[in-house]
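Notes follow the structure.
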Amino acid sequence: MSYWVVGGEYEDTTFKNIKSGKELQKLGPFETYDLAKKEWDKISWEKVDICNVRYIILPHK
């Protein structure tokens, strides 16, 4: 199994639609959850002050 970090800047804090002019980011694949978590930590902390930015870790078979 591999893992992807997916997310970006959304229109608002409902996190349903990516902000106009932005693209959904897909980072990976990562071989382990721990590697994906490290990337998630890095990118999440870079954007911590922007309240409508969210990233999640998704497994992929």
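Every chain in the structure tokens takes a letter, A first, then B, and so on in the order presented; its residues are numbered from 1, and the ligands are numbered from 1 following the presented order.
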
Exercise for the section: Could you tell me, as number ranges by chain, which residues of region 17-50 of chain A DSSP assigns to alpha helix (DSSP H) when given the backbone? Expected result: A: 33-46

Handout entry: Thr14 (chain A) environment, 12 Å, only C-alpha atoms, sequence neighbours closer than 2 positions dropped, as a PyMOL selection string
Key = chain A and resi 9-12+16-19+51-54

Name all residues at most 8 Å from Pro59 (chain A) (count only C-alpha atoms; drop same-chain ones fewer than 5 positions away) and give them as a CSV table (one decimal) with N, CA and C atoms, in the first residue's frame.
```csv
chain,number,residue,atom,x,y,z
A,1,MET,N,0.8,-1.2,0.0
A,1,MET,CA,0.0,0.0,0.0
A,1,MET,C,0.9,1.2,0.0
A,2,SER,N,0.4,2.3,-0.7
A,2,SER,CA,1.2,3.5,-0.7
A,2,SER,C,0.2,4.6,-0.2
A,3,TYR,N,0.8,5.8,0.0
A,3,TYR,CA,0.0,6.9,0.6
A,3,TYR,C,0.2,8.2,-0.1
A,4,TRP,N,-0.8,9.0,-0.2
A,4,TRP,CA,-0.7,10.3,-0.8
A,4,TRP,C,-1.1,11.4,0.2
```

Handout entry: Nearest to Leu24 (chain A), chosen from A:Ile50, A:Ile56, A:Ala36, A:Lys42, with only C-alpha atoms counted in the distances
Key =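 The closest residue to Leu24 (chain A) is A:Ile56.
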
Problem - Residues flagged strand (DSSP E or B) by DSSP in chain A, as a list of chain:residue names - result: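 Taking chain A and keeping strand (DSSP E or B) only, one gets A:Ser2, A:Tyr3, A:Trp4, A:Val5, A:Val6, A:Gly7, A:Gly8, A:Glu9, A:Tyr10, A:Ile18, A:Gln25, A:Lys26, A:Leu27, A:Gly28, A:Pro29, A:Phe30, A:Val53, A:Arg54, A:Tyr55, A:Ile56, A:Ile57, A:Leu58, A:Pro59, A:His60.
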
Practice task
Please indicate the distance in Å from CA of Ile43 (chain A) to CA of Lys26 (chain A), rounded to one decimal place.
Solution key: 11.6 Å

Problem - Two-atom distance - CA of Val6 (chain A), CA of Tyr55 (chain A) (Å) - result: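 If I compute the distance from CA of Val6 (chain A) to CA of Tyr55 (chain A), I get 5.4 Å.
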
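Taking CA of Gly21 (chain A) and CA of Trp40 (chain A) as endpoints, the distance between them is 22.4 Å.
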